[in-house]
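Coordinates from final.txt are shown below (compact mmCIF, C-alpha atoms and all ligand atoms).
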# COMPACT_ATOMS: atom_id res chain seq x y z
CA MET A 107 14.32 14.05 -17.79
CA ARG A 108 15.69 11.74 -15.12
CA THR A 109 13.87 8.45 -14.46
CA VAL A 110 14.69 5.18 -12.73
CA GLN A 111 14.65 2.16 -15.00
CA ALA A 112 15.29 -1.58 -14.91
CA ASP A 113 16.40 -3.29 -18.14
CA ARG A 114 16.29 -6.76 -16.56
CA HIS A 115 14.79 -8.44 -13.51
CA GLY A 116 16.89 -8.87 -10.38
CA GLY A 117 17.99 -7.20 -7.15
CA THR A 118 18.24 -3.46 -6.70
CA GLU A 119 21.50 -3.48 -8.70
CA VAL A 120 19.34 -3.56 -11.87
CA LEU A 121 17.97 -0.09 -11.08
CA ALA A 122 19.67 2.77 -12.91
CA VAL A 123 18.96 6.44 -13.41
CA ALA A 124 18.14 6.93 -17.10
CA ASP A 125 17.71 10.07 -19.13
CA LEU A 126 14.50 9.90 -21.22
CA PRO A 127 12.57 12.49 -23.22
CA VAL A 128 9.82 14.32 -21.34
CA PRO A 129 6.57 12.46 -22.26
CA VAL A 130 4.42 14.08 -24.94
CA CYS A 131 1.07 15.21 -23.53
CA GLY A 132 -1.62 13.48 -25.66
CA ALA A 133 -4.90 15.19 -26.53
CA ASP A 134 -6.68 13.26 -23.77
CA GLN A 135 -3.86 13.59 -21.23
CA ILE A 136 -2.28 15.95 -18.74
CA LEU A 137 1.46 16.38 -18.20
CA VAL A 138 2.52 16.57 -14.56
CA GLN A 139 5.78 17.72 -13.00
CA VAL A 140 6.33 15.14 -10.28
CA HIS A 141 6.72 16.50 -6.75
CA VAL A 142 7.23 13.10 -5.12
CA ALA A 143 6.96 9.50 -6.25
CA GLY A 144 5.82 6.86 -3.78
CA VAL A 145 7.89 3.74 -3.16
CA ASN A 146 5.73 0.64 -2.77
CA PHE A 147 6.27 -3.06 -2.44
CA ILE A 148 4.77 -3.59 -5.88
CA ASP A 149 7.77 -1.71 -7.32
CA THR A 150 10.04 -4.39 -5.84
CA TYR A 151 7.85 -7.21 -7.25
CA GLN A 152 8.04 -5.63 -10.72
CA ARG A 153 11.80 -5.21 -10.41
CA SER A 154 12.44 -8.74 -9.12
CA GLY A 155 10.16 -10.39 -11.68
CA LEU A 156 7.66 -11.77 -9.13
CA TYR A 157 5.17 -9.72 -11.16
CA GLN A 158 5.99 -10.10 -14.85
CA VAL A 159 6.26 -6.78 -16.70
CA ALA A 160 7.70 -5.77 -20.08
CA LEU A 161 11.31 -4.53 -19.97
CA PRO A 162 12.90 -2.04 -19.95
CA LEU A 163 10.58 -0.67 -17.30
CA THR A 164 10.39 2.77 -15.74
CA LEU A 165 9.63 2.03 -12.09
CA GLY A 166 7.01 3.57 -9.86
CA ARG A 167 3.21 3.71 -9.94
CA GLU A 168 2.32 6.41 -7.42
CA GLY A 169 3.02 10.09 -7.05
CA SER A 170 1.84 13.65 -6.73
CA GLY A 171 2.71 16.84 -8.54
CA ARG A 172 1.57 19.91 -10.42
CA VAL A 173 -0.13 19.96 -13.85
CA ILE A 174 2.02 21.81 -16.39
CA GLU A 175 0.16 21.01 -19.63
CA VAL A 176 -3.40 19.98 -20.50
CA GLY A 177 -4.38 18.11 -23.69
CA ARG A 178 -6.92 19.79 -25.99
CA ASP A 179 -9.68 17.24 -25.25
CA VAL A 180 -9.33 17.50 -21.47
CA SER A 181 -11.78 19.45 -19.35
CA GLY A 182 -12.08 19.92 -15.59
CA ILE A 183 -8.34 20.15 -14.91
CA THR A 184 -6.18 23.18 -15.50
CA VAL A 185 -2.49 24.05 -15.54
CA GLY A 186 -1.33 24.64 -11.96
CA ASP A 187 -3.71 22.11 -10.36
CA CYS A 188 -2.15 19.72 -7.85
CA VAL A 189 -2.90 16.07 -8.53
CA ALA A 190 -2.02 12.68 -7.07
CA TRP A 191 -2.29 9.18 -8.53
CA PRO A 192 -2.05 5.56 -7.36
CA GLY A 193 -1.38 3.62 -10.57
CA VAL A 194 0.53 5.36 -13.36
CA GLN A 195 3.48 3.24 -14.44
CA GLY A 196 6.72 5.22 -14.71
CA SER A 197 6.26 7.52 -11.74
CA TYR A 198 9.92 7.37 -10.61
CA ALA A 199 10.50 10.30 -12.98
CA GLU A 200 10.58 14.07 -13.21
CA PHE A 201 7.49 14.21 -15.47
CA VAL A 202 4.55 11.86 -16.06
CA ALA A 203 1.72 12.02 -18.62
CA MET A 204 -1.63 10.50 -17.67
CA LYS A 205 -5.35 10.58 -18.35
CA PRO A 206 -7.33 12.73 -15.91
CA SER A 207 -9.26 9.59 -14.91
CA GLU A 208 -6.01 8.17 -13.50
CA CYS A 209 -5.55 10.92 -10.90
CA VAL A 210 -7.42 12.96 -8.33
CA VAL A 211 -7.15 16.69 -7.71
CA VAL A 212 -5.51 17.39 -4.35
CA PRO A 213 -7.56 19.84 -2.28
CA GLU A 214 -5.91 23.00 -1.01
CA GLY A 215 -4.34 22.54 2.39
CA ILE A 216 -3.22 18.94 1.79
CA ASP A 217 0.53 18.63 1.53
CA LEU A 218 1.63 16.97 -1.73
CA SER A 219 3.78 14.38 0.05
CA VAL A 220 0.86 13.42 2.28
CA ALA A 221 -1.42 13.32 -0.78
CA CYS A 222 0.97 10.86 -2.40
CA ALA A 223 0.94 8.67 0.72
CA ALA A 224 -2.87 8.66 0.63
CA MET A 225 -2.87 7.15 -2.84
CA LEU A 226 -1.62 3.58 -3.27
CA GLN A 227 -1.24 2.67 0.39
CA GLY A 228 -4.07 4.96 1.59
CA MET A 229 -6.64 3.72 -0.90
CA THR A 230 -5.56 0.15 -0.22
CA ALA A 231 -6.17 0.54 3.51
CA HIS A 232 -9.49 2.22 2.68
CA TYR A 233 -10.82 -0.51 0.40
CA LEU A 234 -9.65 -3.21 2.81
CA VAL A 235 -11.70 -1.80 5.72
CA THR A 236 -14.74 -0.69 3.70
CA SER A 237 -15.20 -3.00 0.74
CA VAL A 238 -13.35 -6.23 1.53
CA PHE A 239 -14.40 -6.49 5.18
CA ASP A 240 -16.64 -3.65 6.32
CA ILE A 241 -15.19 -3.00 9.79
CA LYS A 242 -17.88 -2.28 12.37
CA PRO A 243 -17.67 -1.54 16.10
CA GLY A 244 -16.81 -4.73 17.94
CA ASN A 245 -14.89 -6.39 15.09
CA VAL A 246 -11.42 -7.64 15.94
CA ALA A 247 -8.74 -7.53 13.21
CA LEU A 248 -5.25 -8.95 13.06
CA VAL A 249 -3.00 -6.58 11.07
CA HIS A 250 0.40 -7.91 10.03
CA ALA A 251 3.31 -5.48 9.56
CA ALA A 252 1.23 -2.98 11.52
CA ALA A 253 3.95 -0.28 11.35
CA GLY A 254 4.35 -0.52 7.56
CA GLY A 255 2.96 1.91 5.01
CA VAL A 256 -0.39 0.16 4.66
CA GLY A 257 -0.22 -1.13 8.24
CA LEU A 258 -0.17 2.25 10.02
CA LEU A 259 -3.12 3.39 7.93
CA LEU A 260 -5.05 0.16 8.62
CA CYS A 261 -4.51 0.61 12.38
CA GLN A 262 -5.97 4.11 12.24
CA LEU A 263 -8.91 3.30 9.95
CA ILE A 264 -9.93 0.16 11.87
CA SER A 265 -9.76 1.83 15.26
CA SER A 266 -11.62 4.93 14.02
CA ARG A 267 -14.42 2.60 12.83
CA GLY A 268 -14.70 1.07 16.29
CA GLY A 269 -12.71 -2.09 15.61
CA THR A 270 -10.00 -3.59 17.77
CA VAL A 271 -6.56 -3.99 16.22
CA ILE A 272 -4.09 -6.70 17.10
CA GLY A 273 -0.92 -5.73 15.25
CA THR A 274 2.25 -7.68 14.54
CA VAL A 275 5.65 -5.95 14.22
CA SER A 276 9.33 -6.90 14.35
CA THR A 277 10.98 -4.15 16.44
CA ALA A 278 10.35 -2.02 19.52
CA ALA A 279 10.33 1.16 17.41
CA LYS A 280 7.69 -0.34 15.13
CA GLU A 281 5.66 -1.38 18.18
CA GLU A 282 5.63 2.22 19.35
CA ALA A 283 4.60 3.49 15.91
CA ALA A 284 1.74 0.96 15.61
CA ARG A 285 0.46 1.72 19.11
CA LYS A 286 0.51 5.44 18.29
CA ALA A 287 -1.56 4.65 15.18
CA GLY A 288 -4.23 3.01 17.33
CA ALA A 289 -3.23 -0.66 17.61
CA HIS A 290 -4.74 -1.98 20.84
CA HIS A 291 -2.46 -5.02 21.19
CA ILE A 292 0.93 -5.71 19.68
CA ILE A 293 2.58 -9.06 19.11
CA ARG A 294 6.30 -9.20 18.36
CA TYR A 295 6.06 -11.93 15.70
CA ASP A 296 9.85 -11.95 15.36
CA THR A 297 10.12 -13.55 18.81
CA GLU A 298 6.70 -15.03 19.52
CA ASP A 299 4.36 -17.43 17.72
CA PHE A 300 1.52 -15.04 17.01
CA ALA A 301 -1.44 -17.45 16.53
CA PRO A 302 -1.60 -18.78 20.13
CA ARG A 303 -1.17 -15.23 21.42
CA VAL A 304 -4.12 -14.08 19.27
CA ARG A 305 -6.25 -16.82 20.86
CA GLU A 306 -5.21 -15.63 24.32
CA LEU A 307 -6.02 -12.02 23.51
CA THR A 308 -9.46 -12.97 22.15
CA ASN A 309 -10.42 -15.38 24.97
CA GLY A 310 -10.02 -18.30 22.60
CA ASP A 311 -12.37 -16.91 19.94
CA GLY A 312 -9.94 -15.72 17.28
CA VAL A 313 -10.30 -12.63 15.10
CA ASP A 314 -12.99 -11.72 12.57
CA VAL A 315 -10.51 -10.76 9.89
CA VAL A 316 -6.78 -11.05 9.17
CA TYR A 317 -5.18 -8.36 7.00
CA ASP A 318 -2.05 -10.03 5.70
CA GLY A 319 0.38 -8.18 3.43
CA VAL A 320 3.29 -10.34 4.59
CA GLY A 321 2.24 -13.54 2.78
CA LYS A 322 4.29 -16.70 2.91
CA ALA A 323 5.61 -16.29 6.47
CA THR A 324 2.26 -15.49 8.11
CA PHE A 325 -0.48 -17.17 6.05
CA ASP A 326 -0.72 -20.41 8.05
CA GLY A 327 -0.64 -18.62 11.41
CA GLY A 328 -3.28 -16.21 10.10
CA LEU A 329 -5.68 -19.05 9.26
CA ALA A 330 -5.07 -20.43 12.75
CA SER A 331 -5.94 -17.02 14.25
CA LEU A 332 -9.41 -16.68 12.70
CA LYS A 333 -12.70 -17.27 14.44
CA ARG A 334 -15.33 -19.52 12.90
CA ARG A 335 -16.40 -18.11 9.49
CA GLY A 336 -13.60 -15.53 9.64
CA LEU A 337 -12.00 -13.90 6.60
CA MET A 338 -8.35 -14.09 5.58
CA VAL A 339 -7.47 -11.06 3.45
CA ALA A 340 -4.22 -12.06 1.75
CA PHE A 341 -3.26 -8.81 0.04
CA GLY A 342 0.51 -8.98 -0.34
CA ASN A 343 3.74 -10.96 -0.50
CA ALA A 344 6.37 -9.01 1.46
CA SER A 345 7.93 -12.29 2.68
CA GLY A 346 7.17 -14.17 -0.54
CA PRO A 347 4.00 -15.46 -2.22
CA VAL A 348 1.69 -17.85 -0.38
CA PRO A 349 2.21 -21.38 -1.76
CA PRO A 350 -0.80 -23.30 -3.14
CA PHE A 351 -2.90 -24.82 -0.35
CA ASP A 352 -5.62 -27.40 0.09
CA ILE A 353 -9.02 -25.67 0.00
CA LEU A 354 -10.39 -28.31 2.42
CA ARG A 355 -8.33 -26.59 5.13
CA LEU A 356 -10.91 -23.82 5.06
CA SER A 357 -13.74 -26.16 6.05
CA THR A 358 -11.78 -28.00 8.73
CA SER A 359 -10.59 -24.70 10.24
CA GLY A 360 -14.12 -23.30 10.78
CA SER A 361 -15.64 -22.53 7.35
CA LEU A 362 -13.12 -19.79 6.69
CA SER A 363 -12.97 -17.54 3.61
CA VAL A 364 -9.89 -16.29 1.80
CA ILE A 365 -9.74 -13.34 -0.58
CA ARG A 366 -6.74 -12.16 -2.59
CA PRO A 367 -7.78 -8.61 -3.57
CA THR A 368 -5.91 -6.01 -5.59
CA LEU A 369 -6.35 -2.24 -5.56
CA GLY A 370 -7.12 -1.91 -9.28
CA ASP A 371 -10.43 -3.71 -8.82
CA PHE A 372 -11.47 -1.33 -6.05
CA ILE A 373 -10.74 1.89 -7.97
CA ALA A 374 -11.93 0.54 -11.31
CA THR A 375 -14.00 3.67 -12.02
CA SER A 376 -12.86 7.24 -11.47
CA GLU A 377 -15.98 7.73 -9.27
CA GLU A 378 -14.83 4.99 -6.90
CA MET A 379 -11.26 6.30 -6.86
CA LYS A 380 -12.52 9.82 -6.16
CA TRP A 381 -14.78 8.57 -3.34
CA ARG A 382 -11.87 6.83 -1.62
CA ALA A 383 -9.55 9.82 -2.12
CA ASP A 384 -12.19 12.26 -0.84
CA GLU A 385 -12.72 10.23 2.34
CA LEU A 386 -8.97 10.02 2.92
CA PHE A 387 -8.30 13.70 2.20
CA THR A 388 -11.20 14.71 4.48
CA ALA A 389 -9.85 12.54 7.30
CA VAL A 390 -6.36 13.99 6.81
CA GLY A 391 -7.76 17.54 6.71
CA ASN A 392 -9.74 16.95 9.95
CA GLY A 393 -6.69 15.57 11.68
CA ASP A 394 -8.37 12.14 11.97
CA LEU A 395 -5.79 10.38 9.78
CA THR A 396 -2.02 10.74 9.69
CA CYS A 397 -0.03 9.57 6.68
CA ALA A 398 3.35 9.11 8.33
CA ILE A 399 6.25 9.78 5.99
CA GLY A 400 8.97 7.33 7.01
CA LYS A 401 11.75 8.70 4.83
CA THR A 402 12.30 10.76 1.70
CA TYR A 403 15.11 9.86 -0.74
CA SER A 404 16.41 11.52 -3.86
CA LEU A 405 15.53 9.84 -7.17
CA ASN A 406 19.18 8.75 -7.43
CA ASP A 407 18.71 6.71 -4.24
CA ALA A 408 15.75 4.66 -5.47
CA ALA A 409 17.78 1.44 -5.07
CA GLN A 410 18.55 2.33 -1.45
CA ALA A 411 14.86 3.02 -0.80
CA GLN A 412 13.86 -0.38 -2.21
CA ASP A 413 16.65 -2.10 -0.25
CA ASP A 414 15.46 -0.48 2.97
CA LEU A 415 11.86 -1.54 2.27
CA GLU A 416 12.77 -5.13 1.47
CA GLN A 417 15.10 -5.40 4.49
CA ARG A 418 12.27 -4.41 6.86
CA LEU A 419 14.11 -1.25 7.93
CA THR A 420 11.23 1.14 7.28
CA SER A 421 7.98 2.32 8.78
CA GLY A 422 5.30 4.43 7.08
CA LYS A 423 5.57 5.89 3.59
CA LEU A 424 8.78 6.08 1.57
CA LEU A 425 9.04 8.84 -1.04
CA LEU A 426 11.42 9.72 -3.84
CA MET A 427 11.99 13.38 -4.64
CA PRO A 428 12.99 13.95 -8.29
P1 LIG A 501 5.43 -2.10 4.28
O1 LIG A 501 5.83 -0.72 4.60
O2 LIG A 501 4.35 -2.75 5.08
O3 LIG A 501 6.72 -3.00 4.33
C1 LIG A 501 6.61 -4.39 4.43
C2 LIG A 501 6.68 -4.86 5.89
O4 LIG A 501 6.39 -6.24 5.90
C3 LIG A 501 8.07 -4.74 6.51
O5 LIG A 501 8.37 -3.47 7.01
C4 LIG A 501 8.02 -5.80 7.57
O6 LIG A 501 7.45 -5.27 8.78
C5 LIG A 501 7.01 -6.83 7.01
N1 LIG A 501 7.71 -8.06 6.63
C6 LIG A 501 7.58 -9.25 7.24
N2 LIG A 501 8.35 -10.16 6.69
C7 LIG A 501 9.04 -9.56 5.72
C8 LIG A 501 10.04 -10.00 4.80
N3 LIG A 501 10.48 -11.27 4.79
N4 LIG A 501 10.55 -9.10 3.93
C9 LIG A 501 10.11 -7.84 3.94
N5 LIG A 501 9.17 -7.36 4.78
C10 LIG A 501 8.63 -8.21 5.66
O7 LIG A 501 5.04 -2.19 2.73
P2 LIG A 501 3.78 -1.58 2.01
O8 LIG A 501 2.93 -0.85 2.97
O9 LIG A 501 4.23 -0.88 0.78
O10 LIG A 501 3.02 -2.89 1.53
C11 LIG A 501 2.55 -3.84 2.47
C12 LIG A 501 1.99 -5.03 1.71
O11 LIG A 501 0.79 -4.62 1.08
C13 LIG A 501 2.92 -5.56 0.62
O12 LIG A 501 2.85 -6.96 0.60
C14 LIG A 501 2.28 -5.00 -0.64
O13 LIG A 501 2.54 -5.77 -1.76
C15 LIG A 501 0.82 -5.06 -0.25
N6 LIG A 501 -0.06 -4.19 -1.04
C16 LIG A 501 -1.11 -4.79 -1.67
C17 LIG A 501 -2.01 -4.06 -2.35
C18 LIG A 501 -3.21 -4.72 -2.91
O14 LIG A 501 -4.14 -4.05 -3.37
N7 LIG A 501 -3.28 -6.03 -2.91
C19 LIG A 501 -1.82 -2.61 -2.57
C20 LIG A 501 -0.72 -2.06 -1.79
C21 LIG A 501 0.15 -2.85 -1.08
P3 LIG A 501 8.00 -5.90 10.17
O15 LIG A 501 9.45 -5.55 10.19
O16 LIG A 501 7.21 -5.25 11.22
O17 LIG A 501 7.77 -7.39 10.06

What is this structure when it is put down as structure tokens?
Amino acid sequence: MRTVQADRHGGTEVLAVADLPVPVCGADQILVQVHVAGVNFIDTYQRSGLYQVALPLTLGREGSGRVIEVGRDVSGITVGDCVAWPGVQGSYAEFVAMKPSECVVVPEGIDLSVACAAMLQGMTAHYLVTSVFDIKPGNVALVHAAAGGVGLLLCQLISSRGGTVIGTVSTAAKEEAARKAGAHHIIRYDTEDFAPRVRELTNGDGVDVVYDGVGKATFDGGLASLKRRGLMVAFGNASGPVPPFDILRLSTSGSLSVIRPTLGDFIATSEEMKWRADELFTAVGNGDLTCAIGKTYSLNDAAQAQDDLEQRLTSGKLLLMP
């Protein structure tokens, strides 16, 4: 089967299509024919070496597809079921084997590409607005990269929970996408210092919470945008990792809090993963949530997809079609 592998860390030139045997379906596993694999920033961190992983590595952690084999100890899933998953390493591939606890069954009526988009980025947006900071009517949130994969979902989930979204984006097209997703105010942080503008928009108060997947470039401005006792949610490093900082800054800036969460800790049990997936699939089914597919590439073009993501050329979800 065709996969995308890296045998060393580096730029996208280290990615190569590799022919590997179809995985053997273990007794406690299912074998899935991949419909689409999701492209996520974590794939670029694993490739570059920002996140250390054993090499050679088959890229990709997210996908959706159809079950073609079921191990003898597995119950509750049958051949032909559609499933989606947020964290199975090696998903840039034609086939993936996994434990049933690593995936959710996709309800009828949900498109498999949309189901994939609801996994890693969807569940991230979900845990950020429910479990990291429980958005309530009246809360004001600053969302960086508001037209990105996670960003567009955050805009929708925050506004549907009655919160106000101040989004940052780098182009006019991204501004339009974020506004369509429910962002109330947009700041073009490519041309404007966003922290003073946030103060203006909030009558000097600042925001309750900053959702920051951009990292190095926005962390300081994010702290300066928070209201007293506000929460900085530093959940990603698209511009590079946040350097070490003096914890005393949190007291002198208004008794702020900082959290650096990761999805795995918010879907640690299959019950929790299923709860998040059910809420997302229900919202998609009702028409309350749109998982915008930015672009679909062939598996051979995985390097192009990662280049586009890292060069800030994309909006919404990127998918690879094996
Ligand atoms: P996005 O689609 O949001 O792409 C990243 C966006 O970040 C770009 O489009 C760009 O938007 C913005 N950006 C700003 N500066 C840079 C830069 N120097 N280089 C690249 N991009 C930049 O990606 P994802 O939705 O896949 O992920 C968003 C973030 O969320 C990532 O940091 C990712 O690691 C993190 N994440 C964290 C998880 C967790 O549990 N902790 C789980 C899932 C994702 P613009 O052009 O508008 O500035």

Per-residue nearest contacts of chain A to ligand LIG 501 (chain A) (6 Å; all atoms listed in the file) as JSON lines:
{"residue": "A:Asn146", "atom": "CA", "partner": "A:LIG501", "partner_atom": "O9", "distance": 4.1}
{"residue": "A:Phe147", "atom": "CA", "partner": "A:LIG501", "partner_atom": "O9", "distance": 4.4}
{"residue": "A:Ile148", "atom": "CA", "partner": "A:LIG501", "partner_atom": "O13", "distance": 5.2}
{"residue": "A:Leu226", "atom": "CA", "partner": "A:LIG501", "partner_atom": "C20", "distance": 5.9}
{"residue": "A:Gln227", "atom": "CA", "partner": "A:LIG501", "partner_atom": "C20", "distance": 5.2}
{"residue": "A:Thr230", "atom": "CA", "partner": "A:LIG501", "partner_atom": "C19", "distance": 5.2}
{"residue": "A:Ala251", "atom": "CA", "partner": "A:LIG501", "partner_atom": "O6", "distance": 4.2}
{"residue": "A:Ala253", "atom": "CA", "partner": "A:LIG501", "partner_atom": "O16", "distance": 5.9}
{"residue": "A:Gly254", "atom": "CA", "partner": "A:LIG501", "partner_atom": "O1", "distance": 3.3}
{"residue": "A:Gly255", "atom": "CA", "partner": "A:LIG501", "partner_atom": "O8", "distance": 3.4}
{"residue": "A:Val256", "atom": "CA", "partner": "A:LIG501", "partner_atom": "O8", "distance": 3.9}
{"residue": "A:Gly257", "atom": "CA", "partner": "A:LIG501", "partner_atom": "O2", "distance": 5.8}
{"residue": "A:Val275", "atom": "CA", "partner": "A:LIG501", "partner_atom": "O16", "distance": 3.5}
{"residue": "A:Ser276", "atom": "CA", "partner": "A:LIG501", "partner_atom": "O16", "distance": 4.1}
{"residue": "A:Gly319", "atom": "CA", "partner": "A:LIG501", "partner_atom": "C12", "distance": 3.9}
{"residue": "A:Val320", "atom": "CA", "partner": "A:LIG501", "partner_atom": "C6", "distance": 5.2}
{"residue": "A:Phe341", "atom": "CA", "partner": "A:LIG501", "partner_atom": "N7", "distance": 4.1}
{"residue": "A:Gly342", "atom": "CA", "partner": "A:LIG501", "partner_atom": "O12", "distance": 3.2}
{"residue": "A:Asn343", "atom": "CA", "partner": "A:LIG501", "partner_atom": "O12", "distance": 4.2}
{"residue": "A:Ala344", "atom": "CA", "partner": "A:LIG501", "partner_atom": "O12", "distance": 4.2}
{"residue": "A:Ser345", "atom": "CA", "partner": "A:LIG501", "partner_atom": "N3", "distance": 3.5}
{"residue": "A:Pro367", "atom": "CA", "partner": "A:LIG501", "partner_atom": "N7", "distance": 5.2}
{"residue": "A:Thr368", "atom": "CA", "partner": "A:LIG501", "partner_atom": "O14", "distance": 3.5}
{"residue": "A:Leu369", "atom": "CA", "partner": "A:LIG501", "partner_atom": "O14", "distance": 3.6}
{"residue": "A:Leu415", "atom": "CA", "partner": "A:LIG501", "partner_atom": "O3", "distance": 5.7}
{"residue": "A:Glu416", "atom": "CA", "partner": "A:LIG501", "partner_atom": "C9", "distance": 4.5}
{"residue": "A:Gln417", "atom": "CA", "partner": "A:LIG501", "partner_atom": "C9", "distance": 5.6}
{"residue": "A:Arg418", "atom": "CA", "partner": "A:LIG501", "partner_atom": "O5", "distance": 4.0}
{"residue": "A:Thr420", "atom": "CA", "partner": "A:LIG501", "partner_atom": "O5", "distance": 5.4}
{"residue": "A:Ser421", "atom": "CA", "partner": "A:LIG501", "partner_atom": "O1", "distance": 5.6}
{"residue": "A:Gly422", "atom": "CA", "partner": "A:LIG501", "partner_atom": "O1", "distance": 5.7}

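Distances from A:Val123, A:Val194, A:Met225, A:Val189 to Ser404 (chain A) were compared using only C-alpha atoms, and the smallest one belongs to A:Val123.
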
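Among the candidate residues A:Gly169, A:Gly186, A:Gly155, A:Pro350, the one lying nearest to Ile136 (chain A) is A:Gly186, with distances computed using only C-alpha atoms.
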
Nearest residue to Pro129 (chain A) from the set A:Ala411, A:Ala199, A:Leu161, A:Val212 (distances using only C-alpha atoms)
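Looking only at the distances to Pro129 (chain A), the closest residue turns out to be A:Ala199.
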
Between A:Ala389, A:Ala133, A:Val220, A:Val210, which residue has the minimum interatomic distance to Thr402 (chain A), considering only C-alpha atoms?
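That would be A:Val220, the residue with the smallest distance to Thr402 (chain A).
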
To one decimal in Å, tell me the separation between CA of Gly244 (chain A) and CA of Ala287 (chain A).
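Here the two named atoms are 18.1 Å from each other.
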